[in-house]
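Listing of data02.cif; format and content: mmCIF, C-alpha atoms.
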```cif
data_run
#
loop_
_atom_site.group_PDB
_atom_site.id
_atom_site.type_symbol
_atom_site.label_atom_id
_atom_site.label_comp_id
_atom_site.auth_asym_id
_atom_site.auth_seq_id
_atom_site.Cartn_x
_atom_site.Cartn_y
_atom_site.Cartn_z
ATOM 1 C CA MET H 1 0.000 0.000 0.000
ATOM 2 C CA ASN H 2 1.275 3.469 -0.852
ATOM 3 C CA THR H 3 1.109 5.329 2.473
ATOM 4 C CA ASN H 4 1.088 8.677 0.658
ATOM 5 C CA GLU H 5 -2.066 7.821 -1.280
ATOM 6 C CA HIS H 6 -5.006 9.983 -0.182
ATOM 7 C CA GLU H 7 -3.720 11.647 2.992
ATOM 8 C CA HIS H 8 -7.361 12.237 3.913
ATOM 9 C CA VAL H 9 -8.650 8.672 4.009
ATOM 10 C CA ILE H 10 -12.171 9.920 4.713
ATOM 11 C CA GLU H 11 -13.439 13.200 3.253
ATOM 12 C CA VAL H 12 -16.927 14.503 3.957
ATOM 13 C CA THR H 13 -18.177 17.727 2.373
ATOM 14 C CA ASP H 14 -21.578 19.334 3.077
ATOM 15 C CA LEU H 15 -23.066 15.889 3.713
ATOM 16 C CA ARG H 16 -26.848 15.577 3.972
ATOM 17 C CA ARG H 17 -29.228 12.711 4.610
ATOM 18 C CA VAL H 18 -33.009 12.936 4.367
ATOM 19 C CA TYR H 19 -35.469 10.214 5.339
ATOM 20 C CA GLY H 20 -39.019 9.667 4.151
ATOM 21 C CA GLY H 21 -41.328 12.499 5.093
ATOM 22 C CA GLY H 22 -38.563 15.052 4.661
ATOM 23 C CA PHE H 23 -36.793 14.536 7.994
ATOM 24 C CA GLU H 24 -33.212 15.795 7.590
ATOM 25 C CA ALA H 25 -31.035 13.673 9.886
ATOM 26 C CA VAL H 26 -27.700 15.028 8.619
ATOM 27 C CA ARG H 27 -27.667 18.728 7.757
ATOM 28 C CA GLY H 28 -24.594 19.674 5.768
ATOM 29 C CA ILE H 29 -21.606 18.456 7.799
ATOM 30 C CA SER H 30 -17.964 18.491 6.680
ATOM 31 C CA PHE H 31 -14.886 16.821 8.169
ATOM 32 C CA SER H 32 -11.895 14.710 7.173
ATOM 33 C CA VAL H 33 -9.973 11.829 8.740
ATOM 34 C CA ASP H 34 -6.284 11.237 8.096
ATOM 35 C CA ARG H 35 -4.583 7.918 7.552
ATOM 36 C CA GLY H 36 -3.696 6.215 10.820
ATOM 37 C CA GLU H 37 -5.990 8.457 12.877
ATOM 38 C CA VAL H 38 -8.754 7.624 15.360
ATOM 39 C CA PHE H 39 -11.701 9.960 14.786
ATOM 40 C CA ALA H 40 -14.747 9.892 17.083
ATOM 41 C CA LEU H 41 -18.277 10.999 16.233
ATOM 42 C CA LEU H 42 -20.183 11.953 19.370
ATOM 43 C CA GLY H 43 -23.705 13.149 19.955
ATOM 44 C CA THR H 44 -26.915 12.543 21.823
ATOM 45 C CA ASN H 45 -29.461 10.023 20.551
ATOM 46 C CA GLY H 46 -30.834 11.287 17.248
ATOM 47 C CA ALA H 47 -27.890 13.595 16.622
ATOM 48 C CA GLY H 48 -27.104 11.915 13.293
ATOM 49 C CA LYS H 49 -24.118 9.700 14.191
ATOM 50 C CA THR H 50 -25.410 6.407 12.806
ATOM 51 C CA SER H 51 -26.963 8.127 9.793
ATOM 52 C CA THR H 52 -23.554 9.618 8.987
ATOM 53 C CA VAL H 53 -21.626 6.386 9.484
ATOM 54 C CA GLU H 54 -24.030 4.478 7.223
ATOM 55 C CA LEU H 55 -23.285 6.962 4.433
ATOM 56 C CA LEU H 56 -19.541 6.487 4.987
ATOM 57 C CA GLU H 57 -20.007 2.724 4.814
ATOM 58 C CA GLY H 58 -21.850 3.043 1.508
ATOM 59 C CA LEU H 59 -25.145 1.687 2.813
ATOM 60 C CA ALA H 60 -27.119 4.599 1.381
ATOM 61 C CA ARG H 61 -26.729 7.435 -1.116
ATOM 62 C CA PRO H 62 -26.418 10.941 0.380
ATOM 63 C CA ALA H 63 -29.225 13.405 -0.268
ATOM 64 C CA GLY H 64 -26.548 16.024 -0.854
ATOM 65 C CA GLY H 65 -22.848 16.673 -0.512
ATOM 66 C CA ASN H 66 -19.964 14.294 -1.102
ATOM 67 C CA VAL H 67 -18.304 11.374 0.673
ATOM 68 C CA ARG H 68 -14.950 9.849 -0.246
ATOM 69 C CA VAL H 69 -13.393 6.867 1.479
ATOM 70 C CA LEU H 70 -9.917 5.916 0.262
ATOM 71 C CA GLY H 71 -10.523 8.318 -2.617
ATOM 72 C CA HIS H 72 -13.713 6.611 -3.811
ATOM 73 C CA ASP H 73 -17.472 7.069 -3.486
ATOM 74 C CA PRO H 74 -18.397 4.307 -0.970
ATOM 75 C CA TYR H 75 -21.892 3.943 -2.463
ATOM 76 C CA ALA H 76 -21.244 4.149 -6.209
ATOM 77 C CA GLU H 77 -17.902 2.332 -5.956
ATOM 78 C CA ARG H 78 -18.767 -0.082 -3.179
ATOM 79 C CA ASP H 79 -16.968 -2.988 -4.878
ATOM 80 C CA VAL H 80 -13.702 -1.011 -4.637
ATOM 81 C CA VAL H 81 -14.134 0.378 -1.130
ATOM 82 C CA ARG H 82 -15.762 -2.497 0.777
ATOM 83 C CA PRO H 83 -12.831 -4.977 0.571
ATOM 84 C CA ARG H 84 -10.555 -2.391 2.181
ATOM 85 C CA THR H 85 -12.840 -1.556 5.116
ATOM 86 C CA GLY H 86 -14.038 -3.319 8.256
ATOM 87 C CA VAL H 87 -17.372 -2.623 9.910
ATOM 88 C CA MET H 88 -18.443 -3.353 13.464
ATOM 89 C CA LEU H 89 -22.174 -2.736 13.778
ATOM 90 C CA GLN H 90 -24.067 -2.133 17.022
ATOM 91 C CA GLU H 91 -25.596 -5.609 16.653
ATOM 92 C CA GLY H 92 -24.100 -8.423 14.581
ATOM 93 C CA GLY H 93 -27.136 -10.713 14.315
ATOM 94 C CA PHE H 94 -25.145 -13.967 14.179
ATOM 95 C CA PRO H 95 -26.787 -17.414 13.843
ATOM 96 C CA SER H 96 -27.168 -18.492 17.452
ATOM 97 C CA GLU H 97 -26.507 -22.202 16.863
ATOM 98 C CA LEU H 98 -23.078 -21.734 15.249
ATOM 99 C CA THR H 99 -19.973 -21.804 17.385
ATOM 100 C CA VAL H 100 -17.629 -18.844 17.581
ATOM 101 C CA ALA H 101 -15.138 -20.600 15.295
ATOM 102 C CA GLU H 102 -17.846 -21.556 12.782
ATOM 103 C CA THR H 103 -19.114 -17.973 12.710
ATOM 104 C CA ALA H 104 -15.612 -16.666 12.058
ATOM 105 C CA ARG H 105 -15.066 -19.289 9.325
ATOM 106 C CA MET H 106 -18.350 -18.377 7.650
ATOM 107 C CA TRP H 107 -17.482 -14.666 7.740
ATOM 108 C CA ALA H 108 -13.956 -15.267 6.461
ATOM 109 C CA GLY H 109 -15.461 -16.904 3.386
ATOM 110 C CA CYS H 110 -16.944 -13.523 2.457
ATOM 111 C CA VAL H 111 -13.667 -11.628 2.909
ATOM 112 C CA SER H 112 -10.750 -11.517 0.501
ATOM 113 C CA GLY H 113 -7.312 -12.018 2.049
ATOM 114 C CA ALA H 114 -8.733 -12.873 5.471
ATOM 115 C CA MET H 115 -6.346 -13.388 8.358
ATOM 116 C CA PRO H 116 -6.496 -16.793 10.091
ATOM 117 C CA GLN H 117 -9.695 -16.987 12.114
ATOM 118 C CA ALA H 118 -7.854 -18.188 15.206
ATOM 119 C CA GLU H 119 -5.618 -15.106 15.080
ATOM 120 C CA ALA H 120 -8.620 -12.766 14.882
ATOM 121 C CA LEU H 121 -10.306 -14.499 17.823
ATOM 122 C CA GLU H 122 -7.121 -14.367 19.913
ATOM 123 C CA ARG H 123 -6.745 -10.640 19.275
ATOM 124 C CA VAL H 124 -10.093 -9.965 20.920
ATOM 125 C CA GLY H 125 -9.692 -12.501 23.734
ATOM 126 C CA LEU H 126 -12.048 -15.170 22.359
ATOM 127 C CA GLY H 127 -9.492 -17.861 21.545
ATOM 128 C CA ARG H 128 -10.595 -20.091 24.408
ATOM 129 C CA ARG H 129 -14.259 -19.640 23.490
ATOM 130 C CA ALA H 130 -13.928 -20.829 19.900
ATOM 131 C CA GLY H 131 -16.019 -23.954 20.485
ATOM 132 C CA VAL H 132 -18.852 -22.175 22.323
ATOM 133 C CA ARG H 133 -22.154 -21.525 20.558
ATOM 134 C CA VAL H 134 -22.983 -17.896 19.898
ATOM 135 C CA LYS H 135 -26.177 -18.152 21.953
ATOM 136 C CA GLN H 136 -24.084 -19.037 25.011
ATOM 137 C CA LEU H 137 -21.904 -15.926 24.783
ATOM 138 C CA SER H 138 -22.415 -12.996 27.111
ATOM 139 C CA GLY H 139 -23.296 -9.607 25.647
ATOM 140 C CA GLY H 140 -19.704 -8.462 26.050
ATOM 141 C CA GLU H 141 -18.364 -11.578 24.319
ATOM 142 C CA ARG H 142 -20.692 -10.980 21.382
ATOM 143 C CA ARG H 143 -19.220 -7.487 21.038
ATOM 144 C CA ARG H 144 -15.759 -9.057 20.974
ATOM 145 C CA LEU H 145 -16.927 -11.393 18.222
ATOM 146 C CA ASP H 146 -18.290 -8.418 16.282
ATOM 147 C CA LEU H 147 -14.850 -6.818 16.487
ATOM 148 C CA ALA H 148 -13.017 -9.994 15.490
ATOM 149 C CA LEU H 149 -15.087 -10.279 12.315
ATOM 150 C CA ALA H 150 -14.488 -6.625 11.476
ATOM 151 C CA LEU H 151 -10.747 -7.303 11.670
ATOM 152 C CA LEU H 152 -10.722 -10.446 9.520
ATOM 153 C CA GLY H 153 -10.044 -8.602 6.263
ATOM 154 C CA ARG H 154 -7.085 -6.607 7.675
ATOM 155 C CA PRO H 155 -8.957 -3.356 6.923
ATOM 156 C CA GLU H 156 -7.295 -0.064 6.049
ATOM 157 C CA VAL H 157 -10.348 1.734 7.422
ATOM 158 C CA LEU H 158 -12.277 0.399 10.425
ATOM 159 C CA PHE H 159 -15.760 1.649 11.375
ATOM 160 C CA LEU H 160 -16.643 0.940 15.011
ATOM 161 C CA ASP H 161 -20.227 1.674 16.084
ATOM 162 C CA GLU H 162 -20.401 1.663 19.905
ATOM 163 C CA PRO H 163 -17.564 -0.914 20.149
ATOM 164 C CA THR H 164 -17.501 -1.407 23.925
ATOM 165 C CA THR H 165 -21.205 -1.499 24.753
ATOM 166 C CA GLY H 166 -21.782 -4.406 27.131
ATOM 167 C CA LEU H 167 -18.109 -4.864 28.021
ATOM 168 C CA ASP H 168 -16.881 -4.753 31.601
ATOM 169 C CA ALA H 169 -14.133 -2.320 32.607
ATOM 170 C CA GLU H 170 -11.348 -4.803 31.811
ATOM 171 C CA GLY H 171 -12.812 -5.665 28.428
ATOM 172 C CA ARG H 172 -13.219 -1.997 27.597
ATOM 173 C CA ARG H 173 -9.576 -1.270 28.417
ATOM 174 C CA GLU H 174 -8.408 -4.253 26.366
ATOM 175 C CA THR H 175 -10.440 -3.039 23.397
ATOM 176 C CA TRP H 176 -8.946 0.431 23.751
ATOM 177 C CA GLU H 177 -5.453 -1.066 23.669
ATOM 178 C CA LEU H 178 -6.310 -3.052 20.536
ATOM 179 C CA VAL H 179 -7.644 0.076 18.816
ATOM 180 C CA ARG H 180 -4.415 1.893 19.672
ATOM 181 C CA GLU H 181 -2.365 -0.976 18.236
ATOM 182 C CA LEU H 182 -4.400 -0.879 15.027
ATOM 183 C CA ARG H 183 -3.925 2.888 14.746
ATOM 184 C CA ASP H 184 -0.184 2.595 15.340
ATOM 185 C CA ALA H 185 -0.027 -0.002 12.556
ATOM 186 C CA GLY H 186 -1.636 2.488 10.149
ATOM 187 C CA THR H 187 -5.327 1.574 10.335
ATOM 188 C CA THR H 188 -7.717 4.519 10.170
ATOM 189 C CA VAL H 189 -10.494 4.189 12.757
ATOM 190 C CA LEU H 190 -13.805 6.034 12.857
ATOM 191 C CA LEU H 191 -15.853 5.281 15.955
ATOM 192 C CA THR H 192 -19.105 6.332 17.527
ATOM 193 C CA THR H 193 -19.492 5.983 21.270
ATOM 194 C CA HIS H 194 -21.652 7.104 24.162
ATOM 195 C CA TYR H 195 -18.695 6.692 26.522
ATOM 196 C CA LEU H 196 -17.064 10.106 26.597
ATOM 197 C CA GLU H 197 -14.106 8.729 28.554
ATOM 198 C CA GLU H 198 -13.569 6.349 25.644
ATOM 199 C CA ALA H 199 -13.447 9.175 23.123
ATOM 200 C CA GLU H 200 -11.167 11.203 25.392
ATOM 201 C CA ASN H 201 -8.744 8.264 25.681
ATOM 202 C CA LEU H 202 -8.778 7.047 22.077
ATOM 203 C CA ALA H 203 -9.598 9.867 19.687
ATOM 204 C CA ASP H 204 -6.922 11.930 17.992
ATOM 205 C CA ARG H 205 -9.744 14.222 16.858
ATOM 206 C CA LEU H 206 -13.505 14.251 17.268
ATOM 207 C CA ALA H 207 -16.704 15.964 16.230
ATOM 208 C CA ILE H 208 -19.779 16.472 18.390
ATOM 209 C CA LEU H 209 -23.044 16.320 16.450
ATOM 210 C CA HIS H 210 -26.253 18.006 17.549
ATOM 211 C CA GLU H 211 -29.445 17.719 15.506
ATOM 212 C CA GLY H 212 -27.562 16.756 12.375
ATOM 213 C CA ARG H 213 -24.922 19.489 12.527
ATOM 214 C CA ILE H 214 -21.387 19.639 13.913
ATOM 215 C CA ALA H 215 -21.519 21.685 17.120
ATOM 216 C CA ALA H 216 -17.806 21.368 17.938
ATOM 217 C CA ALA H 217 -14.753 19.688 16.421
ATOM 218 C CA GLY H 218 -11.032 19.346 17.043
ATOM 219 C CA THR H 219 -8.737 17.406 19.341
ATOM 220 C CA PRO H 220 -10.214 16.433 22.722
ATOM 221 C CA ALA H 221 -8.010 19.114 24.310
ATOM 222 C CA GLN H 222 -9.247 21.780 21.893
ATOM 223 C CA VAL H 223 -12.895 20.904 22.487
ATOM 224 C CA THR H 224 -12.563 20.837 26.272
ATOM 225 C CA ALA H 225 -10.526 24.067 26.287
ATOM 226 C CA ALA H 226 -13.635 25.919 25.102
ATOM 227 C CA GLN H 227 -15.307 25.086 28.438
ATOM 228 C CA PRO H 228 -14.389 26.667 31.803
ATOM 229 C CA SER H 229 -12.210 24.814 34.310
ATOM 230 C CA ARG H 230 -13.388 24.488 37.902
ATOM 231 C CA ILE H 231 -12.048 24.959 41.413
ATOM 232 C CA SER H 232 -13.969 23.798 44.468
ATOM 233 C CA PHE H 233 -13.142 24.103 48.172
ATOM 234 C CA GLU H 234 -14.577 24.765 51.617
ATOM 235 C CA LEU H 235 -14.099 28.158 53.244
ATOM 236 C CA PRO H 236 -12.878 28.056 56.843
ATOM 237 C CA GLU H 237 -15.190 29.103 59.661
ATOM 238 C CA GLY H 238 -15.631 32.842 59.867
ATOM 239 C CA TYR H 239 -14.837 33.485 56.192
ATOM 240 C CA PHE H 240 -17.198 34.271 53.329
ATOM 241 C CA VAL H 241 -16.918 34.604 49.566
ATOM 242 C CA GLY H 242 -16.705 38.347 49.992
ATOM 243 C CA ASP H 243 -13.428 37.865 51.872
ATOM 244 C CA LEU H 244 -11.788 36.409 48.764
ATOM 245 C CA PRO H 245 -10.023 38.694 46.283
ATOM 246 C CA PRO H 246 -12.498 40.185 43.747
ATOM 247 C CA LEU H 247 -13.679 37.263 41.653
ATOM 248 C CA ASP H 248 -13.418 39.223 38.393
ATOM 249 C CA ASP H 249 -9.792 40.031 39.161
ATOM 250 C CA MET H 250 -9.164 36.314 39.746
ATOM 251 C CA GLY H 251 -10.553 35.455 36.302
ATOM 252 C CA VAL H 252 -13.701 33.767 37.655
ATOM 253 C CA CYS H 253 -16.586 33.687 35.183
ATOM 254 C CA GLU H 254 -19.144 31.846 37.379
ATOM 255 C CA HIS H 255 -19.412 30.864 41.015
ATOM 256 C CA GLU H 256 -21.740 28.907 43.296
ATOM 257 C CA VAL H 257 -21.959 28.833 47.082
ATOM 258 C CA ASP H 258 -23.588 26.056 49.111
ATOM 259 C CA GLY H 259 -23.010 26.693 52.804
ATOM 260 C CA ARG H 260 -19.228 26.663 53.207
ATOM 261 C CA ALA H 261 -18.677 24.924 49.845
ATOM 262 C CA VAL H 262 -17.578 27.203 47.011
ATOM 263 C CA ARG H 263 -17.330 26.288 43.314
ATOM 264 C CA LEU H 264 -15.572 28.614 40.905
ATOM 265 C CA ARG H 265 -15.490 28.342 37.119
ATOM 266 C CA THR H 266 -12.728 30.006 35.163
ATOM 267 C CA ARG H 267 -11.208 30.144 31.692
ATOM 268 C CA GLU H 268 -7.875 31.147 33.234
ATOM 269 C CA LEU H 269 -7.212 28.213 35.544
ATOM 270 C CA GLN H 270 -3.592 29.015 36.434
ATOM 271 C CA ARG H 271 -4.343 32.665 37.188
ATOM 272 C CA THR H 272 -7.378 31.850 39.330
ATOM 273 C CA ALA H 273 -5.709 29.032 41.249
ATOM 274 C CA THR H 274 -2.573 31.081 41.891
ATOM 275 C CA ARG H 275 -4.448 34.085 43.277
ATOM 276 C CA LEU H 276 -6.664 31.865 45.419
ATOM 277 C CA LEU H 277 -3.703 30.029 46.954
ATOM 278 C CA VAL H 278 -1.732 33.235 47.499
ATOM 279 C CA TRP H 279 -4.752 34.680 49.338
ATOM 280 C CA ALA H 280 -5.078 31.537 51.506
ATOM 281 C CA ASP H 281 -1.365 31.601 52.324
ATOM 282 C CA THR H 282 -1.451 35.305 53.235
ATOM 283 C CA ALA H 283 -4.563 34.823 55.368
ATOM 284 C CA ARG H 284 -2.998 31.686 56.918
ATOM 285 C CA VAL H 285 -6.101 29.597 56.290
ATOM 286 C CA GLU H 286 -6.603 26.091 54.957
ATOM 287 C CA LEU H 287 -8.963 25.493 52.037
ATOM 288 C CA ARG H 288 -10.360 22.069 52.819
ATOM 289 C CA ARG H 289 -11.433 19.674 50.047
ATOM 290 C CA LEU H 290 -9.577 21.754 47.489
ATOM 291 C CA ASP H 291 -10.092 20.347 43.987
ATOM 292 C CA VAL H 292 -8.637 22.012 40.880
ATOM 293 C CA ARG H 293 -9.234 20.532 37.451
ATOM 294 C CA SER H 294 -9.619 21.360 33.787
ATOM 295 C CA ALA H 295 -12.923 20.751 32.060
ATOM 296 C CA SER H 296 -13.548 17.157 30.987
ATOM 297 C CA LEU H 297 -14.927 16.073 27.639
ATOM 298 C CA GLU H 298 -18.148 15.152 29.435
ATOM 299 C CA GLU H 299 -18.513 18.742 30.675
ATOM 300 C CA ALA H 300 -17.774 20.063 27.202
ATOM 301 C CA PHE H 301 -20.352 17.695 25.702
ATOM 302 C CA LEU H 302 -23.029 18.681 28.220
ATOM 303 C CA GLY H 303 -22.165 22.356 27.812
ATOM 304 C CA ILE H 304 -22.528 22.165 24.036
ATOM 305 C CA ALA H 305 -25.848 20.316 24.341
ATOM 306 C CA ARG H 306 -27.092 22.886 26.858
ATOM 307 C CA GLU H 307 -26.041 25.841 24.699
ATOM 308 C CA ALA H 308 -27.675 24.287 21.628
ATOM 309 C CA ALA H 309 -30.905 23.682 23.545
ATOM 310 C CA GLN H 310 -30.910 27.263 24.820
ATOM 311 C CA ALA H 311 -30.319 28.600 21.306
ATOM 312 C CA ALA H 312 -33.188 26.483 19.979
ATOM 313 C CA GLY H 313 -35.458 27.762 22.758
ATOM 314 C CA THR H 314 -34.523 31.366 21.962
ATOM 315 C CA LYS H 315 -35.364 30.872 18.291
ATOM 316 C CA GLU H 316 -38.684 29.243 19.158
ATOM 317 C CA TYR H 317 -39.543 32.106 21.535
ATOM 318 C CA ALA H 318 -38.593 34.705 18.901
ATOM 319 C CA ALA H 319 -40.777 32.989 16.336
#
```

This entry written out as structure tokens:
Amino acid sequence: MNTNEHEHVIEVTDLRRVYGGGFEAVRGISFSVDRGEVFALLGTNGAGKTSTVELLEGLARPAGGNVRVLGHDPYAERDVVRPRTGVMLQEGGFPSELTVAETARMWAGCVSGAMPQAEALERVGLGRRAGVRVKQLSGGERRRLDLALALLGRPEVLFLDEPTTGLDAEGRRETWELVRELRDAGTTVLLTTHYLEEAENLADRLAILHEGRIAAAGTPAQVTAAQPSRISFELPEGYFVGDLPPLDDMGVCEHEVDGRAVRLRTRELQRTATRLLVWADTARVELRRLDVRSASLEEAFLGIAREAAQAAGTKEYAA
């Protein structure tokens, strides 16, 4: 494979998808994914994640815009694109009476250049379960089987739709490590997930969808940087918020008080934390339960959803 071919392995331009009755599930989104990159699509239920991924997989024709996967139209040139991609759906729908090994053998017969089935099963931790019938697998083990089959064709591009649903914490971490290994070997991975910690740990870049549009995009650090950091602590007896340095001068944009507990939000974390600690040192007081942290992806996600809902409410009120 020529590693310089099509630096953008996935290219999406003004993509739209409309269902019967005129419902527009995807409303003109654009993004690209580089070779050897993990890209996450996030969003609430109904945001358009699955509708977008199905267009990338070539399962439907877009209502507008363009999609290119490995330089080709995945719908019109499916015979070129499909052999070079792997797809892990939310539900595999395997015949329940077949064993794990029989299911892998059946799937391998539909894939050109398939890796040995035993190797694929070992990679996802199912080697010892090869002789077990599918109906006897746990939900987490079925997800592992889904992933094993997606890997059989040694894909250049791997689509993972909610890959760790049903897995326990250990299984989730093992899957993360496998995804990292695939990325490091040059596989391009596009995943959807409801686990924001998963996206924060795996994604090189991500996009957050809301009502069919991209509400935010970038690296996890870039997306979270748009949200305020937080500092929480307990004031000592005899002190009140008014005894602190002026909050505006400290860079605080929001604050909450609940008894002695104080929560500050700031877009200048170092400045705020420094001035707070200097004040405490000068006053010779201890700030109990002091917690200083940057915004998480979960906070960014919830903040974006909240802002979008508020904007929608404003428009509705204005109308």

* Asked: For H:Asp34, which of H:Thr52, H:Ser138, H:Thr187, H:Thr85 is the closest residue, counting only C-alpha atoms?
  -> H:Thr187

* Residue neighbourhood stretch 250-265 of chain H, 12 Å, all atoms listed in the file, exclusion window fewer than 6 positions, as a ChimeraX atom specification -> /H:227-242,244,271-279,287-295,299

* Could you state which residues are captured by the PyMOL selection byres ((chain H and resi 43) around 9) in this file, as a list in words? =>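 What the PyMOL selection byres ((chain H and resi 43) around 9) grabs from the file is Leu41, Leu42, Thr44, Asn45, Gly46, Ala47, Gly48, Lys49, Thr192, Thr193, His194, Ala207, Ile208, Leu209, His210, Glu211, Phe301 and Ala305 of chain H.
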
* Measuring atom to atom with all atoms listed in the file, identify which of H:Gly58, H:Gly218, H:Gly71, H:Pro95 is nearest to H:Ile10. =>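 Nearest to H:Ile10: H:Gly71.
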
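All residues of protein, DNA or RNA that reach within 12 Å of H:Leu137, judged by all atoms listed in the file and not counting those fewer than 3 positions away in the chain, are Phe94, Ser96, Glu97, Leu98, Thr99, Val100, Leu126, Arg129, Ala130, Gly131, Val132, Arg133, Val134, Gly140, Glu141, Arg142, Arg143, Arg144, Leu145, Asp146 and Gly166 of chain H.
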
* To do: Pick out the closest residue to H:Ala60 from this set: H:Ala101, H:Arg84, H:Arg16, H:Leu121. Count only C-alpha atoms.
  =>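 Distance minimum relative to H:Ala60 lands on H:Arg16.
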
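Taking atom CA of H:Leu191 and atom CA of H:Gln310 as the two end points, the separation is 28.1 Å.
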
* Closest of H:Val69, H:Leu302, H:Ala63, H:Val18 to H:Ala216 - atom-to-atom distances counting all atoms listed in the file ->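 Among the listed residues, H:Leu302 lies closest to H:Ala216.
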
* Determine, counting only C-alpha atoms, which protein, DNA and RNA residues have an atom within 7 Å of an atom of stretch 103-109 of chain H; residues of the same chain fewer than 6 positions away are not included. Present the result as an MDAnalysis selection string. => chainID H and resid 117 149 152

* **Selection under test: the PyMOL selection byres ((chain H and resi 205) around 8); residues as a PyMOL selection string** => chain H and resi 37-40+203-204+206-207+217-220

Those residues you just picked out, can you put them in a file as an mmCIF file, keeping the file's coordinate frame with C-alpha atoms?
```cif
data_model
loop_
_atom_site.group_PDB
_atom_site.id
_atom_site.type_symbol
_atom_site.label_atom_id
_atom_site.label_comp_id
_atom_site.auth_asym_id
_atom_site.auth_seq_id
_atom_site.Cartn_x
_atom_site.Cartn_y
_atom_site.Cartn_z
ATOM 1 C CA GLU H 37 -5.990 8.457 12.877
ATOM 2 C CA VAL H 38 -8.754 7.624 15.360
ATOM 3 C CA PHE H 39 -11.701 9.960 14.786
ATOM 4 C CA ALA H 40 -14.747 9.892 17.083
ATOM 5 C CA ALA H 203 -9.598 9.867 19.687
ATOM 6 C CA ASP H 204 -6.922 11.930 17.992
ATOM 7 C CA LEU H 206 -13.505 14.251 17.268
ATOM 8 C CA ALA H 207 -16.704 15.964 16.230
ATOM 9 C CA ALA H 217 -14.753 19.688 16.421
ATOM 10 C CA GLY H 218 -11.032 19.346 17.043
ATOM 11 C CA THR H 219 -8.737 17.406 19.341
ATOM 12 C CA PRO H 220 -10.214 16.433 22.722
#
```

* To do: Excluding H:Arg78 and any residue of its chain fewer than 5 positions from it, enumerate the residues within 9 Å of it, using all atoms listed in the file, and give them as a list in words.
  =>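 That gives Glu57, Gly58, Leu59, His72, Asp73 and Pro83 of chain H.
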
* For H:Glu174: contacts at 12 Å, all atoms listed in the file, fewer than 2 positions along chain excluded, given as a ChimeraX atom specification -> /H:123-125,144,163-164,167-172,176-181,198

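Taking atom CA of H:Glu102 and atom CA of H:Asp161 as endpoints, the distance between them is 23.6 Å.
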
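Using all atoms listed in the file, every residue with an atom at most 10 Å from the point (-10.3, 5.0, 3.2) is listed here: Glu5, His6, Glu7, His8, Val9, Ile10, Glu11, Val33, Asp34, Arg35, Leu56, Arg68, Val69, Leu70, Gly71, His72, Pro74, Val81, Arg82, Arg84, Thr85, Pro155, Glu156, Val157, Leu158, Thr187, Thr188 and Val189 of chain H.
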
Would you place a box with edges along x, y and z of the file around all atoms of stretch 5-14 of chain H listed there, add 6 Å to each of its six sides, and report the centre and edge lengths in Å to one decimal, as JSON?
```
{"center_x": -11.8, "center_y": 13.6, "center_z": 1.7, "size_x": 31.5, "size_y": 23.5, "size_z": 18.0}
```

* Would you work out the distance separating atom CA of H:Gly20 from atom CA of H:Gly86, expressed in Å to one decimal? =>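 Going from atom CA of H:Gly20 over to atom CA of H:Gly86, I get 28.5 Å.
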
* Go through H:Met115, H:Ala283, H:Ala215, H:Leu196 one by one, measure the shortest atom-to-atom distance of each to H:Ser296 using all atoms listed in the file, and give the residue with the smallest value. =>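 Residue with the minimum atom-to-atom distance to H:Ser296: H:Leu196.
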
* Hey, which of H:Gly212, H:Ala118, H:Asp243, H:Gly36 ends up closest to H:Val285? Count all atoms listed in the file. ->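 Between H:Gly212, H:Ala118, H:Asp243, H:Gly36, the residue approaching H:Val285 most closely is H:Asp243.
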